[in-house]
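Below: one structure, written as structure tokens.
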Amino acid sequence: MLVSYETIDSFDSNGKTVIYWNSQLEQTRRECMSTPPKHRSAWIQKKKHWVSEMLKEVVKRERIDELYCRKQSLEDERIFRTLLDEFRQIKDEKGQQRYIDKYILQLPTYLEGQNTWKIPFMTNPWPNFIDRLKIEYPKIINKVTRIQQLTDTMLTLITSYVTLASDLKVSSEQGYQIYLTDPVIDCIQWCPSFINPPYVKNDASIPWTEEYLIKTLIPKLRREARRLLKRSDIKRPGPFTSVRGCKNLIKNEVEDKEYFMCKLCWKSARKIYTYEGICRHLTSGRHSIARIDDERMIEVDREKVKKLLPVWFSNFH
């Protein structure tokens, strides 16, 4: 019996969508109509067998394609890692590794190659792979050098104590400082002018003048950082003078985690503790605090925080 294609189930037994071309339906309809009624049952069985064999062939081909793609991906990965190892083994005139892994991982050709062996049928990136890395590496180093120049200049301006000169409204011509709570310190990585710095003549190899950094670029970054605080998608890690911010700053420190002091003790009797140590101190017999309020009861050693800022900024260059 013939039925209209609207009544045909559009899904197979595995839940996959089945598509029928109109031309196929029409051809099958004509073939069925031309088959004598007494032979139609056999014709239907024959068609079912033919479809079953075709589907088996499709599954077989899909499996072959899958295995081929997997094999190709493994081969691409092998080539990628072999070429990368060859690049890493290049030495400078002193016999030291010329190209540092930290910066290799940022190179566009490295990123392209890494994505290629994970995704089949992409353009082959291997021709001139090492030569392309060699060309791109100095460009990354130039950018890193400019970022380091910027952060080094900022470090000379940072102060551990609030002063009139640390107010953003103070003119750069008058000289100013950056207090530890300034969001430019802990939010600089999201500032537009930090992500895409205004290089001299669009060339990262040309240093900025100190005057430009102090009077133009750093004030601009400070304004951008303040605007970032209004964004809900930015989770500020600082300020580093807060207990929460200090814990974020020192979380990767291994040797020294003693940055916290007790606000309830007389200044002359204050000691410096780790965060766990200050909590034990506050809950001990001297204070017997049942519920610690970090920001009200714990003070951060600002001088030690300031000394750790070069390590913080080094994360970005």
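How things are named: the first chain in the structure tokens is A, the next is B, and so on; residues count from 1 in each chain; ligands count from 1 in the order shown.
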
Residue contacts of Glu295 of chain A (12 Å, only C-alpha atoms) excluding same-chain residues fewer than 4 positions away, as a count of residues only: 15

Among segment 71-288 of chain A, which ones does DSSP assign to helix (DSSP H, G or I) (computed from the backbone)? Answer as a VMD selection string. chain A and resid 71 to 88 101 to 104 108 to 116 129 to 157 164 to 166 172 to 174 183 to 190 192 to 195 200 to 202 210 to 228 243 to 250 267 to 269 275 to 283

Find the spatial neighbours of segment 107-118 of chain A, counting only C-alpha atoms, within a cut-off of 7 Å - ignore same-chain residues fewer than 5 positions away - and output them as number ranges by chain. A: 73, 76-77, 80, 125, 132-133, 136-137

Got time to write the residues from that selection, C-alpha atoms, as a PDB file, in the first residue's frame?
ATOM      1  CA  SER A  73      44.924  13.752  13.611  1.00  0.00           C
ATOM      2  CA  ASP A  76      49.366  15.869  12.551  1.00  0.00           C
ATOM      3  CA  GLU A  77      50.000  15.880  16.289  1.00  0.00           C
ATOM      4  CA  PHE A  80      53.464  19.313  15.294  1.00  0.00           C
ATOM      5  CA  PRO A 125      50.119  24.553   8.537  1.00  0.00           C
ATOM      6  CA  ARG A 132      57.164  31.287  10.690  1.00  0.00           C
ATOM      7  CA  LEU A 133      57.808  30.802  14.404  1.00  0.00           C
ATOM      8  CA  GLU A 136      56.795  35.845  14.912  1.00  0.00           C
ATOM      9  CA  TYR A 137      58.909  35.368  18.036  1.00  0.00           C
TER      10      TYR A 137
END

I need the residue nearest Met154 of chain A from this list: A:Lys102, A:Lys71, A:Lys306, A:Lys230. Use only C-alpha atoms for the distance. A:Lys306

Gln97 of chain A environment, 10 Å, only C-alpha atoms, sequence neighbours closer than 6 positions dropped, as JSON, numbers by chain: {"A": [87, 88, 89, 90, 91]}

If we count only C-alpha atoms, what is near Val184 of chain A at a cut-off of 8 Å, once residues fewer than 5 positions away on the same chain are taken out, given as a PyMOL selection string? chain A and resi 221-222+224-226

Save out the residues we just selected, C-alpha atoms, as a compact mmCIF listing (two decimals), in the first residue's frame.
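Written out: again-v8.txt:
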# COMPACT_ATOMS: atom_id res chain seq x y z
CA LEU A 221 44.90 53.21 32.03
CA ARG A 222 43.81 54.45 35.45
CA GLU A 224 39.92 52.73 32.05
CA ALA A 225 40.42 50.62 35.18
CA ARG A 226 37.88 52.71 37.08

Find, counting only C-alpha atoms, the residue in A:Gln96, A:Thr181, A:Gln189, A:Ser205 that gets nearest to Pro138 of chain A.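 Using only C-alpha atoms, Pro138 of chain A sits closest to A:Ser205.
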
Could you tell me how far atom CA of Thr156 of chain A sits from atom CA of Thr209 of chain A, in Å to one decimal place? 14.8 Å

Point out the residue among A:Lys235, A:Lys247, A:Arg286, A:Lys48 with the least atom-to-atom distance to Asp301 of chain A, counting only C-alpha atoms.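 Selected residue with least distance to Asp301 of chain A: A:Lys247.
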
For Ile141 of chain A, the nearest of the candidates A:Asp92, A:Ile100, A:Leu213, A:Ser34, counting only C-alpha atoms: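 Once distances to Ile141 of chain A are computed over only C-alpha atoms, the minimum belongs to A:Ile100.
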
Record the distance separating atom CA of Gln177 of chain A and atom CA of Ile158 of chain A, expressed in Å with one decimal. 5.7 Å
